[in-house]
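Printed here is data-v7.csv (CSV, N, CA and C atoms):
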chain,number,residue,atom,x,y,z
U,1,MET,N,0.8,-1.2,0.0
U,1,MET,CA,0.0,0.0,0.0
U,1,MET,C,0.9,1.2,0.0
U,2,HIS,N,0.6,2.2,-0.9
U,2,HIS,CA,1.3,3.5,-1.0
U,2,HIS,C,0.7,4.4,0.1
U,3,ILE,N,1.6,5.0,0.9
U,3,ILE,CA,1.2,5.9,2.0
U,3,ILE,C,0.9,7.3,1.3
U,4,GLN,N,-0.3,7.8,1.6
U,4,GLN,CA,-0.7,9.1,1.0
U,4,GLN,C,-0.8,10.2,2.0
U,5,THR,N,-1.0,9.8,3.3
U,5,THR,CA,-1.2,10.8,4.4
U,5,THR,C,-0.3,10.5,5.6
U,6,VAL,N,-0.1,11.5,6.4
U,6,VAL,CA,0.6,11.3,7.7
U,6,VAL,C,-0.3,11.9,8.8
U,7,THR,N,-0.5,11.2,9.9
U,7,THR,CA,-1.3,11.6,11.0
U,7,THR,C,-0.5,11.6,12.2
U,8,SER,N,-0.7,12.7,13.0
U,8,SER,CA,0.0,12.8,14.3
U,8,SER,C,-1.0,13.3,15.3
U,9,ALA,N,-0.8,13.0,16.6
U,9,ALA,CA,-1.6,13.4,17.7
U,9,ALA,C,-0.8,13.8,18.9
U,10,ALA,N,-1.4,14.7,19.7
U,10,ALA,CA,-0.7,15.1,20.9
U,10,ALA,C,-1.8,15.3,22.0
U,11,GLU,N,-1.5,15.1,23.2
U,11,GLU,CA,-2.4,15.3,24.3
U,11,GLU,C,-2.0,16.6,25.0
U,12,SER,N,-3.0,17.2,25.6
U,12,SER,CA,-2.7,18.5,26.3
U,12,SER,C,-3.6,18.6,27.6
U,13,ASP,N,-3.2,19.3,28.6
U,13,ASP,CA,-4.0,19.6,29.7
U,13,ASP,C,-5.0,20.7,29.5
U,14,LEU,N,-4.9,21.3,28.3
U,14,LEU,CA,-5.8,22.4,28.0
U,14,LEU,C,-7.2,21.8,27.6
U,15,GLU,N,-8.2,22.5,27.9
U,15,GLU,CA,-9.6,22.1,27.5
U,15,GLU,C,-9.7,22.3,26.0
U,16,PRO,N,-10.5,21.4,25.4
U,16,PRO,CA,-10.7,21.5,23.9
U,16,PRO,C,-11.0,22.8,23.3
U,17,ARG,N,-11.8,23.6,24.0
U,17,ARG,CA,-12.2,24.9,23.4
U,17,ARG,C,-11.1,25.8,23.2
U,18,LYS,N,-10.0,25.7,24.1
U,18,LYS,CA,-8.9,26.6,24.0
U,18,LYS,C,-8.1,26.3,22.7
U,19,LEU,N,-7.9,25.0,22.4
U,19,LEU,CA,-7.2,24.6,21.2
U,19,LEU,C,-8.0,24.9,20.0
U,20,TYR,N,-9.3,24.6,20.1
U,20,TYR,CA,-10.2,24.8,18.9
U,20,TYR,C,-10.2,26.3,18.6
U,21,SER,N,-10.3,27.2,19.6
U,21,SER,CA,-10.3,28.6,19.2
U,21,SER,C,-9.1,29.1,18.5
U,22,VAL,N,-7.9,28.6,18.8
U,22,VAL,CA,-6.7,28.9,18.1
U,22,VAL,C,-6.8,28.4,16.6
U,23,LEU,N,-7.2,27.2,16.5
U,23,LEU,CA,-7.3,26.6,15.2
U,23,LEU,C,-8.4,27.3,14.3
U,24,ALA,N,-9.5,27.7,14.9
U,24,ALA,CA,-10.6,28.3,14.2
U,24,ALA,C,-10.2,29.7,13.6
U,25,GLU,N,-9.2,30.3,14.2
U,25,GLU,CA,-8.8,31.6,13.7
U,25,GLU,C,-7.6,31.4,12.8
U,26,ALA,N,-7.9,31.4,11.5
U,26,ALA,CA,-6.9,31.0,10.5
U,26,ALA,C,-5.6,31.9,10.6
U,27,SER,N,-5.8,33.1,11.0
U,27,SER,CA,-4.6,34.0,11.0
U,27,SER,C,-3.5,33.5,12.0
U,28,ASN,N,-3.9,32.6,12.9
U,28,ASN,CA,-2.9,32.0,13.8
U,28,ASN,C,-2.0,31.0,13.1
U,29,ILE,N,-2.3,30.5,11.9
U,29,ILE,CA,-1.6,29.4,11.3
U,29,ILE,C,-0.1,29.7,11.2
U,30,PRO,N,0.4,30.8,10.8
U,30,PRO,CA,1.8,31.0,10.7
U,30,PRO,C,2.6,30.9,12.0
U,31,GLN,N,1.8,31.1,13.1
U,31,GLN,CA,2.4,31.1,14.5
U,31,GLN,C,2.7,29.6,14.9
U,32,TRP,N,1.8,28.7,14.5
U,32,TRP,CA,2.0,27.3,14.9
U,32,TRP,C,2.4,26.4,13.8
U,33,ALA,N,2.2,26.8,12.5
U,33,ALA,CA,2.5,25.9,11.4
U,33,ALA,C,3.3,26.7,10.3
U,34,PRO,N,4.5,27.2,10.7
U,34,PRO,CA,5.3,28.0,9.8
U,34,PRO,C,5.7,27.2,8.5
U,35,ALA,N,5.7,25.9,8.6
U,35,ALA,CA,6.1,25.1,7.4
U,35,ALA,C,5.0,25.2,6.3
U,36,PHE,N,3.8,25.6,6.7
U,36,PHE,CA,2.7,25.7,5.8
U,36,PHE,C,2.5,27.2,5.3
U,37,ALA,N,2.6,28.1,6.2
U,37,ALA,CA,2.3,29.5,5.8
U,37,ALA,C,3.2,30.5,6.5
U,38,ASP,N,3.7,31.5,5.7
U,38,ASP,CA,4.4,32.6,6.2
U,38,ASP,C,3.4,33.7,6.6
U,39,ALA,N,2.4,33.9,5.8
U,39,ALA,CA,1.3,34.9,6.1
U,39,ALA,C,0.0,34.4,5.5
U,40,ILE,N,-1.1,34.9,6.1
U,40,ILE,CA,-2.4,34.5,5.7
U,40,ILE,C,-3.3,35.7,5.8
U,41,GLU,N,-4.2,35.8,4.8
U,41,GLU,CA,-5.1,37.0,4.7
U,41,GLU,C,-6.5,36.5,4.3
U,42,ARG,N,-7.5,36.9,5.0
U,42,ARG,CA,-8.9,36.6,4.7
U,42,ARG,C,-9.3,37.3,3.4
U,43,ILE,N,-9.9,36.5,2.5
U,43,ILE,CA,-10.4,37.2,1.2
U,43,ILE,C,-11.8,36.8,1.0
U,44,GLY,N,-12.5,36.1,1.9
U,44,GLY,CA,-13.9,35.8,1.7
U,44,GLY,C,-14.4,35.2,3.1
U,45,ASP,N,-15.6,34.7,3.1
U,45,ASP,CA,-16.2,34.2,4.3
U,45,ASP,C,-15.3,33.1,4.9
U,46,THR,N,-14.9,32.1,4.0
U,46,THR,CA,-14.2,31.0,4.5
U,46,THR,C,-12.9,30.8,3.7
U,47,ARG,N,-12.6,31.7,2.8
U,47,ARG,CA,-11.4,31.6,1.9
U,47,ARG,C,-10.3,32.6,2.4
U,48,TYR,N,-9.1,32.1,2.3
U,48,TYR,CA,-7.9,32.8,2.7
U,48,TYR,C,-6.8,32.7,1.6
U,49,ARG,N,-6.0,33.8,1.5
U,49,ARG,CA,-4.8,33.8,0.7
U,49,ARG,C,-3.6,33.5,1.6
U,50,VAL,N,-2.9,32.4,1.3
U,50,VAL,CA,-1.8,32.0,2.0
U,50,VAL,C,-0.5,32.3,1.2
U,51,THR,N,0.5,32.8,1.9
U,51,THR,CA,1.8,33.1,1.2
U,51,THR,C,2.8,32.2,1.9
U,52,LYS,N,3.6,31.4,1.1
U,52,LYS,CA,4.6,30.6,1.6
U,52,LYS,C,5.8,30.7,0.7
U,53,ASN,N,7.0,31.1,1.2
U,53,ASN,CA,8.2,31.3,0.3
U,53,ASN,C,7.9,32.1,-0.9
U,54,GLY,N,7.1,33.2,-0.8
U,54,GLY,CA,6.8,34.0,-1.9
U,54,GLY,C,5.7,33.5,-2.9
U,55,GLN,N,5.3,32.3,-2.7
U,55,GLN,CA,4.2,31.7,-3.5
U,55,GLN,C,2.8,31.9,-2.8
U,56,GLU,N,1.8,32.2,-3.6
U,56,GLU,CA,0.5,32.4,-3.0
U,56,GLU,C,-0.4,31.3,-3.5
U,57,PHE,N,-1.3,30.8,-2.6
U,57,PHE,CA,-2.4,29.9,-2.9
U,57,PHE,C,-3.6,30.1,-2.0
U,58,HIS,N,-4.7,29.6,-2.3
U,58,HIS,CA,-5.9,29.8,-1.5
U,58,HIS,C,-6.2,28.6,-0.7
U,59,VAL,N,-6.8,28.9,0.5
U,59,VAL,CA,-7.2,27.8,1.4
U,59,VAL,C,-8.7,28.1,1.8
U,60,ASP,N,-9.5,27.1,1.8
U,60,ASP,CA,-10.8,27.2,2.4
U,60,ASP,C,-10.8,26.6,3.8
U,61,VAL,N,-11.4,27.3,4.7
U,61,VAL,CA,-11.4,26.8,6.1
U,61,VAL,C,-12.8,26.4,6.4
U,62,SER,N,-12.9,25.1,6.9
U,62,SER,CA,-14.2,24.5,7.2
U,62,SER,C,-14.2,24.3,8.7
U,63,LEU,N,-15.1,24.9,9.4
U,63,LEU,CA,-15.2,24.8,10.9
U,63,LEU,C,-16.5,24.0,11.3
U,64,HIS,N,-16.3,23.1,12.2
U,64,HIS,CA,-17.4,22.3,12.8
U,64,HIS,C,-17.2,22.3,14.3
U,65,PRO,N,-17.6,23.3,15.0
U,65,PRO,CA,-17.4,23.4,16.4
U,65,PRO,C,-17.9,22.2,17.2
U,66,SER,N,-19.1,21.8,16.9
U,66,SER,CA,-19.7,20.7,17.7
U,66,SER,C,-18.9,19.4,17.6
U,67,ALA,N,-18.3,19.2,16.5
U,67,ALA,CA,-17.4,18.0,16.3
U,67,ALA,C,-16.0,18.3,16.6
U,68,GLY,N,-15.6,19.5,16.9
U,68,GLY,CA,-14.2,19.8,17.2
U,68,GLY,C,-13.3,19.7,16.0
U,69,THR,N,-13.8,19.9,14.8
U,69,THR,CA,-13.0,19.8,13.6
U,69,THR,C,-12.8,21.1,12.9
U,70,VAL,N,-11.5,21.2,12.4
U,70,VAL,CA,-11.1,22.4,11.6
U,70,VAL,C,-10.4,21.8,10.4
U,71,ASP,N,-10.8,22.1,9.2
U,71,ASP,CA,-10.1,21.6,8.0
U,71,ASP,C,-9.6,22.8,7.2
U,72,TYR,N,-8.3,22.8,6.8
U,72,TYR,CA,-7.7,23.8,5.9
U,72,TYR,C,-7.5,23.1,4.6
U,73,ILE,N,-8.3,23.4,3.6
U,73,ILE,CA,-8.3,22.7,2.3
U,73,ILE,C,-7.9,23.6,1.2
U,74,ARG,N,-7.0,23.1,0.3
U,74,ARG,CA,-6.5,23.8,-0.8
U,74,ARG,C,-6.5,23.0,-2.1
U,75,GLU,N,-6.5,23.7,-3.2
U,75,GLU,CA,-6.3,23.1,-4.5
U,75,GLU,C,-4.9,22.5,-4.6
U,76,MET,N,-4.9,21.2,-5.0
U,76,MET,CA,-3.6,20.6,-5.2
U,76,MET,C,-3.3,20.2,-6.6
U,77,ALA,N,-2.2,19.6,-6.9
U,77,ALA,CA,-1.9,19.1,-8.2
U,77,ALA,C,-2.9,18.2,-8.8
U,78,GLY,N,-3.2,18.3,-10.1
U,78,GLY,CA,-4.1,17.5,-10.8
U,78,GLY,C,-5.6,17.8,-10.5
U,79,GLY,N,-5.8,19.0,-10.0
U,79,GLY,CA,-7.2,19.4,-9.7
U,79,GLY,C,-7.8,18.7,-8.4
U,80,LYS,N,-6.9,18.1,-7.6
U,80,LYS,CA,-7.4,17.4,-6.4
U,80,LYS,C,-7.5,18.5,-5.3
U,81,ARG,N,-8.3,18.2,-4.3
U,81,ARG,CA,-8.4,19.1,-3.1
U,81,ARG,C,-7.9,18.3,-1.9
U,82,GLY,N,-7.2,18.9,-1.0
U,82,GLY,CA,-6.7,18.3,0.2
U,82,GLY,C,-6.1,19.3,1.1
U,83,GLY,N,-5.6,18.8,2.2
U,83,GLY,CA,-5.0,19.7,3.2
U,83,GLY,C,-4.9,19.1,4.5
U,84,ALA,N,-5.0,20.0,5.5
U,84,ALA,CA,-4.9,19.5,6.9
U,84,ALA,C,-6.3,19.3,7.5
U,85,TYR,N,-6.5,18.1,8.0
U,85,TYR,CA,-7.8,17.7,8.7
U,85,TYR,C,-7.5,17.6,10.2
U,86,ILE,N,-8.1,18.5,11.0
U,86,ILE,CA,-7.7,18.5,12.4
U,86,ILE,C,-8.9,18.3,13.3
U,87,ARG,N,-8.7,17.5,14.3
U,87,ARG,CA,-9.8,17.3,15.2
U,87,ARG,C,-9.3,17.4,16.7
U,88,VAL,N,-10.1,18.1,17.5
U,88,VAL,CA,-9.8,18.3,18.9
U,88,VAL,C,-10.9,17.5,19.7
U,89,THR,N,-10.5,16.6,20.5
U,89,THR,CA,-11.4,15.8,21.3
U,89,THR,C,-11.1,15.9,22.8
U,90,PRO,N,-12.1,15.8,23.6
U,90,PRO,CA,-11.8,15.8,25.1
U,90,PRO,C,-11.2,14.5,25.6
U,91,ARG,N,-10.3,14.6,26.5
U,91,ARG,CA,-9.8,13.4,27.2
U,91,ARG,C,-10.8,13.0,28.3
U,92,PRO,N,-10.8,11.8,28.7
U,92,PRO,CA,-11.9,11.3,29.7
U,92,PRO,C,-11.9,12.1,31.0
U,93,LEU,N,-10.8,12.5,31.6
U,93,LEU,CA,-10.8,13.2,32.9
U,93,LEU,C,-10.7,14.7,32.7
U,94,SER,N,-9.8,15.1,31.9
U,94,SER,CA,-9.6,16.5,31.6
U,94,SER,C,-8.6,16.7,30.5
U,95,GLY,N,-8.6,17.9,29.9
U,95,GLY,CA,-7.7,18.2,28.8
U,95,GLY,C,-8.2,17.7,27.5
U,96,SER,N,-7.3,17.6,26.5
U,96,SER,CA,-7.8,17.2,25.2
U,96,SER,C,-6.7,16.5,24.4
U,97,THR,N,-7.1,16.0,23.3
U,97,THR,CA,-6.2,15.4,22.3
U,97,THR,C,-6.5,16.1,21.0
U,98,VAL,N,-5.4,16.5,20.3
U,98,VAL,CA,-5.6,17.1,19.0
U,98,VAL,C,-4.9,16.2,18.0
U,99,THR,N,-5.6,15.9,16.9
U,99,THR,CA,-5.1,15.0,15.9
U,99,THR,C,-5.1,15.7,14.5
U,100,ILE,N,-4.0,15.6,13.8
U,100,ILE,CA,-4.0,16.2,12.4
U,100,ILE,C,-3.5,15.2,11.4
U,101,THR,N,-4.2,15.2,10.3
U,101,THR,CA,-3.8,14.4,9.1
U,101,THR,C,-3.6,15.3,7.9
U,102,VAL,N,-2.4,15.1,7.3
U,102,VAL,CA,-2.1,15.9,6.1
U,102,VAL,C,-1.6,15.0,5.0
U,103,PRO,N,-1.7,15.5,3.7
U,103,PRO,CA,-1.2,14.7,2.6
U,103,PRO,C,0.3,14.6,2.6
U,104,LEU,N,0.8,13.5,2.1
U,104,LEU,CA,2.3,13.4,1.9
U,104,LEU,C,2.6,13.9,0.5
U,105,GLY,N,3.4,15.0,0.5
U,105,GLY,CA,3.8,15.6,-0.8
U,105,GLY,C,4.8,14.7,-1.5
U,106,PRO,N,5.0,15.0,-2.8
U,106,PRO,CA,5.8,14.2,-3.7
U,106,PRO,C,7.3,14.3,-3.3
U,107,ASN,N,7.7,15.3,-2.7
U,107,ASN,CA,9.2,15.5,-2.4
U,107,ASN,C,9.5,15.4,-0.9
U,108,THR,N,8.6,14.7,-0.2
U,108,THR,CA,8.8,14.6,1.3
U,108,THR,C,8.7,13.1,1.7
U,109,THR,N,9.2,12.9,2.9
U,109,THR,CA,9.1,11.5,3.5
U,109,THR,C,8.1,11.6,4.6
U,110,ALA,N,7.5,10.4,4.9
U,110,ALA,CA,6.6,10.3,6.0
U,110,ALA,C,7.2,10.7,7.3
U,111,SER,N,8.5,10.3,7.5
U,111,SER,CA,9.1,10.6,8.8
U,111,SER,C,9.4,12.1,9.0
U,112,ALA,N,9.8,12.8,7.9
U,112,ALA,CA,10.0,14.2,7.9
U,112,ALA,C,8.7,15.0,8.2
U,113,VAL,N,7.6,14.6,7.5
U,113,VAL,CA,6.3,15.2,7.8
U,113,VAL,C,5.8,14.9,9.2
U,114,ALA,N,6.1,13.7,9.7
U,114,ALA,CA,5.7,13.4,11.1
U,114,ALA,C,6.4,14.3,12.1
U,115,ASP,N,7.7,14.5,11.8
U,115,ASP,CA,8.5,15.4,12.7
U,115,ASP,C,8.0,16.8,12.7
U,116,THR,N,7.6,17.3,11.5
U,116,THR,CA,7.1,18.6,11.4
U,116,THR,C,5.7,18.7,12.1
U,117,LEU,N,4.9,17.7,12.0
U,117,LEU,CA,3.6,17.7,12.6
U,117,LEU,C,3.8,17.7,14.2
U,118,LYS,N,4.7,16.9,14.6
U,118,LYS,CA,4.9,16.9,16.1
U,118,LYS,C,5.3,18.3,16.6
U,119,GLN,N,6.2,19.0,15.9
U,119,GLN,CA,6.6,20.3,16.3
U,119,GLN,C,5.4,21.3,16.2
U,120,GLU,N,4.6,21.2,15.1
U,120,GLU,CA,3.5,22.1,15.0
U,120,GLU,C,2.4,21.9,16.1
U,121,LEU,N,2.2,20.6,16.5
U,121,LEU,CA,1.2,20.4,17.5
U,121,LEU,C,1.7,20.9,18.9
U,122,ALA,N,3.0,20.8,19.1
U,122,ALA,CA,3.6,21.4,20.4
U,122,ALA,C,3.5,22.9,20.3
U,123,ASP,N,3.7,23.5,19.2
U,123,ASP,CA,3.6,25.0,19.1
U,123,ASP,C,2.2,25.4,19.2
U,124,LEU,N,1.2,24.6,18.7
U,124,LEU,CA,-0.2,24.9,18.8
U,124,LEU,C,-0.6,24.9,20.3
U,125,ILE,N,-0.2,23.9,21.0
U,125,ILE,CA,-0.6,23.7,22.4
U,125,ILE,C,0.0,24.9,23.2
U,126,ARG,N,1.3,25.2,22.9
U,126,ARG,CA,1.9,26.4,23.6
U,126,ARG,C,1.2,27.7,23.3
U,127,LEU,N,0.8,27.9,22.0
U,127,LEU,CA,0.1,29.1,21.7
U,127,LEU,C,-1.3,29.2,22.4
U,128,ALA,N,-2.0,28.1,22.4
U,128,ALA,CA,-3.3,28.0,23.0
U,128,ALA,C,-3.2,28.2,24.6
U,129,GLY,N,-2.1,27.9,25.1
U,129,GLY,CA,-1.9,28.0,26.6
U,129,GLY,C,-1.4,29.4,27.0
U,130,SER,N,-1.0,30.2,26.0
U,130,SER,CA,-0.5,31.5,26.4
U,130,SER,C,-1.5,32.6,26.6

Represent the supplied structure as structure tokens.
Amino acid sequence: MHIQTVTSAAESDLEPRKLYSVLAEASNIPQWAPAFADAIERIGDTRYRVTKNGQEFHVDVSLHPSAGTVDYIREMAGGKRGGAYIRVTPRPLSGSTVTITVPLGPNTTASAVADTLKQELADLIRLAGS
């Protein structure tokens, strides 16, 4: 089987709403996911212009607060759509777990993407706790 996505998860003592509120505000992306975006600008209700390494692309943000999901979806090669699929869930006693799944790009390895996701989740948790 050919691996097409990479998924990573992290647990936090923060309540789900704190993490979700950071994720739901797309302008926060460069602070916790600098590998994805250097800058982001809202251009519509759910559409954003993302700049990375001088290149621009559009992202649609889909929010589902009751499910704790935030999706950042962009147009990809070959007319496909994909991106980051993120879910924040409560832990049984307190705190939360945040899970992110992203596509594996043609010039990356699963282990490199996993390392990036691990750092991004740590940065997200730090940002939400500040």

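Using only N, CA and C atoms, the protein and nucleic acid residues lying no more than 8 Å from Glu75 (chain U), apart from those fewer than 5 places from it along its own chain, are Phe57, His58, Val59, Asp60, Lys80, Arg81, Gly82 and Gly83 of chain U.
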
Subject >> Nearest-residue call for Leu14 (chain U), choices U:Gly129, U:Gly54, U:Gly95, U:Pro30, using all atoms listed in the file >> reply: U:Gly95

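In this structure, CA of Ile125 (chain U) sits 22.9 Å away from atom N of Val50 (chain U).
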
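With distances taken over all atoms listed in the file, U:Thr7 is the one residue among U:Gly78, U:Thr7, U:Ala26, U:His64 lying closest to Thr99 (chain U).
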
Original post:
How would you write, as a PyMOL selection string, the set of residues in chain U that DSSP gives as helix (DSSP H, G or I)?
Top reply: chain U and resi 16-24+26-32+65-67+77-79+110-129

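Distance annotation: of U:Ile43, U:Leu63, U:Leu104, U:Val98, the residue with the minimal separation from Ala122 (chain U) is U:Val98; atom set is only C-alpha atoms.
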
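Taking CA of Ser94 (chain U) and atom C of Tyr72 (chain U) as endpoints, the distance between them is 27.9 Å.
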
Shell around Thr97 (chain U) at 7 Å using only C-alpha atoms, local window under 6 positions removed, as a JSON list (two decimals) with N, CA and C atoms, in the frame of the given file:
[["chain", "number", "residue", "atom", "x", "y", "z"],
["U", 9, "ALA", "N", -0.80, 13.00, 16.60],
["U", 9, "ALA", "CA", -1.60, 13.40, 17.70],
["U", 9, "ALA", "C", -0.80, 13.80, 18.90],
["U", 10, "ALA", "N", -1.40, 14.70, 19.70],
["U", 10, "ALA", "CA", -0.70, 15.10, 20.90],
["U", 10, "ALA", "C", -1.80, 15.30, 22.00],
["U", 11, "GLU", "N", -1.50, 15.10, 23.20],
["U", 11, "GLU", "CA", -2.40, 15.30, 24.30],
["U", 11, "GLU", "C", -2.00, 16.60, 25.00],
["U", 12, "SER", "N", -3.00, 17.20, 25.60],
["U", 12, "SER", "CA", -2.70, 18.50, 26.30],
["U", 12, "SER", "C", -3.60, 18.60, 27.60],
["U", 88, "VAL", "N", -10.10, 18.10, 17.50],
["U", 88, "VAL", "CA", -9.80, 18.30, 18.90],
["U", 88, "VAL", "C", -10.90, 17.50, 19.70],
["U", 89, "THR", "N", -10.50, 16.60, 20.50],
["U", 89, "THR", "CA", -11.40, 15.80, 21.30],
["U", 89, "THR", "C", -11.10, 15.90, 22.80],
["U", 90, "PRO", "N", -12.10, 15.80, 23.60],
["U", 90, "PRO", "CA", -11.80, 15.80, 25.10],
["U", 90, "PRO", "C", -11.20, 14.50, 25.60],
["U", 91, "ARG", "N", -10.30, 14.60, 26.50],
["U", 91, "ARG", "CA", -9.80, 13.40, 27.20],
["U", 91, "ARG", "C", -10.80, 13.00, 28.30]]

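Between atom C of Ile3 (chain U) and atom N of Gln55 (chain U) lies a distance of 25.7 Å.
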
**OP:** Mind listing the strand (DSSP E) residues of chain U, per DSSP on the backbone, as an MDAnalysis selection string?
**Re:** chainID U and resid 5:12 39:42 47:52 55:64 69:75 81:90 96:103

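Using all atoms listed in the file, the smallest distance between any of U:Thr101, U:Thr51, U:Gln31, U:Ser62 and Ser8 (chain U) comes from U:Thr101.
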
**OP:** Would you kindly return, as a PyMOL selection string, each protein, DNA or RNA residue with an atom no farther than 5 Å from any atom of Val102 (chain U), considering all atoms listed in the file and excluding same-chain residues fewer than 4 positions away?
**Re:** chain U and resi 5-6+83-84

Generate the missing atoms of region 22-36 of chain U up to N, CA, C and O atoms and report them as a PDB file, in the coordinates of the input.
ATOM      1  N   VAL U  22      -7.900  28.600  18.800  1.00  0.00           N
ATOM      2  CA  VAL U  22      -6.700  28.900  18.100  1.00  0.00           C
ATOM      3  C   VAL U  22      -6.800  28.400  16.600  1.00  0.00           C
ATOM      4  O   VAL U  22      -6.456  29.115  15.697  1.00  0.00           O
ATOM      5  N   LEU U  23      -7.200  27.200  16.500  1.00  0.00           N
ATOM      6  CA  LEU U  23      -7.300  26.600  15.200  1.00  0.00           C
ATOM      7  C   LEU U  23      -8.400  27.300  14.300  1.00  0.00           C
ATOM      8  O   LEU U  23      -8.181  27.447  13.086  1.00  0.00           O
ATOM      9  N   ALA U  24      -9.500  27.700  14.900  1.00  0.00           N
ATOM     10  CA  ALA U  24     -10.600  28.300  14.200  1.00  0.00           C
ATOM     11  C   ALA U  24     -10.200  29.700  13.600  1.00  0.00           C
ATOM     12  O   ALA U  24     -10.818  30.161  12.670  1.00  0.00           O
ATOM     13  N   GLU U  25      -9.200  30.300  14.200  1.00  0.00           N
ATOM     14  CA  GLU U  25      -8.800  31.600  13.700  1.00  0.00           C
ATOM     15  C   GLU U  25      -7.600  31.400  12.800  1.00  0.00           C
ATOM     16  O   GLU U  25      -6.450  31.247  13.232  1.00  0.00           O
ATOM     17  N   ALA U  26      -7.900  31.400  11.500  1.00  0.00           N
ATOM     18  CA  ALA U  26      -6.900  31.000  10.500  1.00  0.00           C
ATOM     19  C   ALA U  26      -5.600  31.900  10.600  1.00  0.00           C
ATOM     20  O   ALA U  26      -4.544  31.470  10.202  1.00  0.00           O
ATOM     21  N   SER U  27      -5.800  33.100  11.000  1.00  0.00           N
ATOM     22  CA  SER U  27      -4.600  34.000  11.000  1.00  0.00           C
ATOM     23  C   SER U  27      -3.500  33.500  12.000  1.00  0.00           C
ATOM     24  O   SER U  27      -2.409  34.005  11.958  1.00  0.00           O
ATOM     25  N   ASN U  28      -3.900  32.600  12.900  1.00  0.00           N
ATOM     26  CA  ASN U  28      -2.900  32.000  13.800  1.00  0.00           C
ATOM     27  C   ASN U  28      -2.000  31.000  13.100  1.00  0.00           C
ATOM     28  O   ASN U  28      -0.966  30.596  13.677  1.00  0.00           O
ATOM     29  N   ILE U  29      -2.300  30.500  11.900  1.00  0.00           N
ATOM     30  CA  ILE U  29      -1.600  29.400  11.300  1.00  0.00           C
ATOM     31  C   ILE U  29      -0.100  29.700  11.200  1.00  0.00           C
ATOM     32  O   ILE U  29       0.702  28.797  11.597  1.00  0.00           O
ATOM     33  N   PRO U  30       0.400  30.800  10.800  1.00  0.00           N
ATOM     34  CA  PRO U  30       1.800  31.000  10.700  1.00  0.00           C
ATOM     35  C   PRO U  30       2.600  30.900  12.000  1.00  0.00           C
ATOM     36  O   PRO U  30       3.737  30.613  12.080  1.00  0.00           O
ATOM     37  N   GLN U  31       1.800  31.100  13.100  1.00  0.00           N
ATOM     38  CA  GLN U  31       2.400  31.100  14.500  1.00  0.00           C
ATOM     39  C   GLN U  31       2.700  29.600  14.900  1.00  0.00           C
ATOM     40  O   GLN U  31       3.655  29.363  15.632  1.00  0.00           O
ATOM     41  N   TRP U  32       1.800  28.700  14.500  1.00  0.00           N
ATOM     42  CA  TRP U  32       2.000  27.300  14.900  1.00  0.00           C
ATOM     43  C   TRP U  32       2.400  26.400  13.800  1.00  0.00           C
ATOM     44  O   TRP U  32       2.828  25.246  14.055  1.00  0.00           O
ATOM     45  N   ALA U  33       2.200  26.800  12.500  1.00  0.00           N
ATOM     46  CA  ALA U  33       2.500  25.900  11.400  1.00  0.00           C
ATOM     47  C   ALA U  33       3.300  26.700  10.300  1.00  0.00           C
ATOM     48  O   ALA U  33       2.839  26.899   9.210  1.00  0.00           O
ATOM     49  N   PRO U  34       4.500  27.200  10.700  1.00  0.00           N
ATOM     50  CA  PRO U  34       5.300  28.000   9.800  1.00  0.00           C
ATOM     51  C   PRO U  34       5.700  27.200   8.500  1.00  0.00           C
ATOM     52  O   PRO U  34       6.046  27.836   7.529  1.00  0.00           O
ATOM     53  N   ALA U  35       5.700  25.900   8.600  1.00  0.00           N
ATOM     54  CA  ALA U  35       6.100  25.100   7.400  1.00  0.00           C
ATOM     55  C   ALA U  35       5.000  25.200   6.300  1.00  0.00           C
ATOM     56  O   ALA U  35       5.261  25.036   5.149  1.00  0.00           O
ATOM     57  N   PHE U  36       3.800  25.600   6.700  1.00  0.00           N
ATOM     58  CA  PHE U  36       2.700  25.700   5.800  1.00  0.00           C
ATOM     59  C   PHE U  36       2.500  27.200   5.300  1.00  0.00           C
ATOM     60  O   PHE U  36       2.117  27.367   4.159  1.00  0.00           O
TER      61      PHE U  36
END
